[in-house]
Amino acid sequence: MFGGVVGMLIVSVVFILGLYLVHRMTAIISSPHSVLPFQSGWPPSEHALSRYHVRWYAATLLFLAFDVEMLFMYPWAVVVATEGAGAVIEMFLFLGALMVAVFWAWREGALRWV
């Protein structure tokens with residue numbers, strides 16, 4: 001009854017293990033943390049897995065919010081001519097909601113760097 005599912009699971013596991021094996025056989029160095037260069041060719045002054053300052057998390061969240069916004073704008077740009085004024089109004093409402101979020105982040109200090 002579940003032969004196909006079990007077969008695909010076995011094939012998937014064997015394929016993934018094969019990829020790990022190929023990686024191990026072709027890897028130049030065994031520890032990726034000791035590979036140079038890091039940071040665009042500059043010699044590292046800190047460990048590659050060091051912690052970032054907390055202010056970068058707010059900037060990252062803002063970037064992701066506007067990145068997701070672009071995911072909604074690309075399909076909208078394709079269909080706006082056929083949908084008409086309703087699509088334009090909806091997009092301005094969406095952008096207005098985003099601006100409210102930006103003003104809130106500004107008020108909370110998420111855009112301050114120091």
# chains A, B, ... in the order shown; residues from 1 in each chain; ligands from 1
call {"tool": "residues_around", "arguments": {"residues": "segment 103-105 of chain A", "least_positions_apart": "5", "cutoff": "9 Å", "atoms": "only C-alpha atoms", "output": "list of chain:residue names"}}
result
A:Ala58, A:Leu62, A:Leu98, A:Ala110, A:Leu111
call {"tool": "closest_residue", "arguments": {"among": "A:Leu19, A:Val14, A:Val102, A:Val5", "to": "Ala59 of chain A", "atoms": "only C-alpha atoms"}}
result
A:Val102
call {"tool": "atom_distance", "arguments": {"atom1": "atom CA of Met91 of chain A", "atom2": "atom CA of Phe72 of chain A"}}
result
9.2 Å
call {"tool": "residues_around", "arguments": {"residues": "Glu69 of chain A", "least_positions_apart": "5", "cutoff": "10 Å", "atoms": "only C-alpha atoms", "output": "list in words"}}
result
Phe63, Leu64, Tyr74, Phe94, Leu95 and Leu98 of chain A
call {"tool": "select_by_dssp", "arguments": {"residues": "chain A", "states": "helix (DSSP H, G or I)", "output": "ChimeraX atom specification"}}
result
/A:3-26,32-34,55-83,85-108
call {"tool": "atom_distance", "arguments": {"atom1": "atom CA of Phe92 of chain A", "atom2": "atom CA of Met73 of chain A"}}
result
10.9 Å
call {"tool": "decode", "arguments": {"residues": "segment 65-79 of chain A", "atoms": "N, CA and C atoms", "output": "PDB file, in the first residue's frame"}}
result
ATOM      1  N   ALA A  65      11.468  42.520   5.577  1.00  0.00           N
ATOM      2  CA  ALA A  65      10.114  43.029   5.368  1.00  0.00           C
ATOM      3  C   ALA A  65       9.987  43.674   3.995  1.00  0.00           C
ATOM      4  N   PHE A  66      10.968  44.454   3.595  1.00  0.00           N
ATOM      5  CA  PHE A  66      10.882  45.100   2.291  1.00  0.00           C
ATOM      6  C   PHE A  66      11.207  44.137   1.164  1.00  0.00           C
ATOM      7  N   ASP A  67      11.965  43.100   1.450  1.00  0.00           N
ATOM      8  CA  ASP A  67      12.221  42.075   0.455  1.00  0.00           C
ATOM      9  C   ASP A  67      10.942  41.302   0.160  1.00  0.00           C
ATOM     10  N   VAL A  68      10.188  40.985   1.203  1.00  0.00           N
ATOM     11  CA  VAL A  68       8.913  40.300   1.015  1.00  0.00           C
ATOM     12  C   VAL A  68       7.928  41.221   0.307  1.00  0.00           C
ATOM     13  N   GLU A  69       8.020  42.507   0.564  1.00  0.00           N
ATOM     14  CA  GLU A  69       7.170  43.460  -0.151  1.00  0.00           C
ATOM     15  C   GLU A  69       7.398  43.357  -1.656  1.00  0.00           C
ATOM     16  N   MET A  70       8.645  43.233  -2.060  1.00  0.00           N
ATOM     17  CA  MET A  70       8.948  43.119  -3.495  1.00  0.00           C
ATOM     18  C   MET A  70       8.393  41.828  -4.075  1.00  0.00           C
ATOM     19  N   LEU A  71       8.290  40.781  -3.271  1.00  0.00           N
ATOM     20  CA  LEU A  71       7.677  39.546  -3.748  1.00  0.00           C
ATOM     21  C   LEU A  71       6.217  39.767  -4.119  1.00  0.00           C
ATOM     22  N   PHE A  72       5.552  40.674  -3.430  1.00  0.00           N
ATOM     23  CA  PHE A  72       4.166  40.980  -3.762  1.00  0.00           C
ATOM     24  C   PHE A  72       4.066  41.967  -4.928  1.00  0.00           C
ATOM     25  N   MET A  73       5.070  42.812  -5.101  1.00  0.00           N
ATOM     26  CA  MET A  73       4.973  43.839  -6.138  1.00  0.00           C
ATOM     27  C   MET A  73       5.257  43.307  -7.537  1.00  0.00           C
ATOM     28  N   TYR A  74       6.102  42.301  -7.681  1.00  0.00           N
ATOM     29  CA  TYR A  74       6.409  41.785  -9.012  1.00  0.00           C
ATOM     30  C   TYR A  74       5.185  41.166  -9.694  1.00  0.00           C
ATOM     31  N   PRO A  75       4.450  40.275  -9.043  1.00  0.00           N
ATOM     32  CA  PRO A  75       3.247  39.764  -9.726  1.00  0.00           C
ATOM     33  C   PRO A  75       2.203  40.856  -9.955  1.00  0.00           C
ATOM     34  N   TRP A  76       2.138  41.818  -9.027  1.00  0.00           N
ATOM     35  CA  TRP A  76       1.194  42.916  -9.192  1.00  0.00           C
ATOM     36  C   TRP A  76       1.531  43.710 -10.447  1.00  0.00           C
ATOM     37  N   ALA A  77       2.821  43.944 -10.692  1.00  0.00           N
ATOM     38  CA  ALA A  77       3.228  44.714 -11.859  1.00  0.00           C
ATOM     39  C   ALA A  77       2.863  43.999 -13.156  1.00  0.00           C
ATOM     40  N   VAL A  78       2.776  42.689 -13.113  1.00  0.00           N
ATOM     41  CA  VAL A  78       2.423  41.936 -14.315  1.00  0.00           C
ATOM     42  C   VAL A  78       0.936  42.078 -14.630  1.00  0.00           C
ATOM     43  N   VAL A  79       0.093  42.105 -13.600  1.00  0.00           N
ATOM     44  CA  VAL A  79      -1.352  42.085 -13.837  1.00  0.00           C
ATOM     45  C   VAL A  79      -2.035  43.429 -13.643  1.00  0.00           C
TER      46      VAL A  79
END
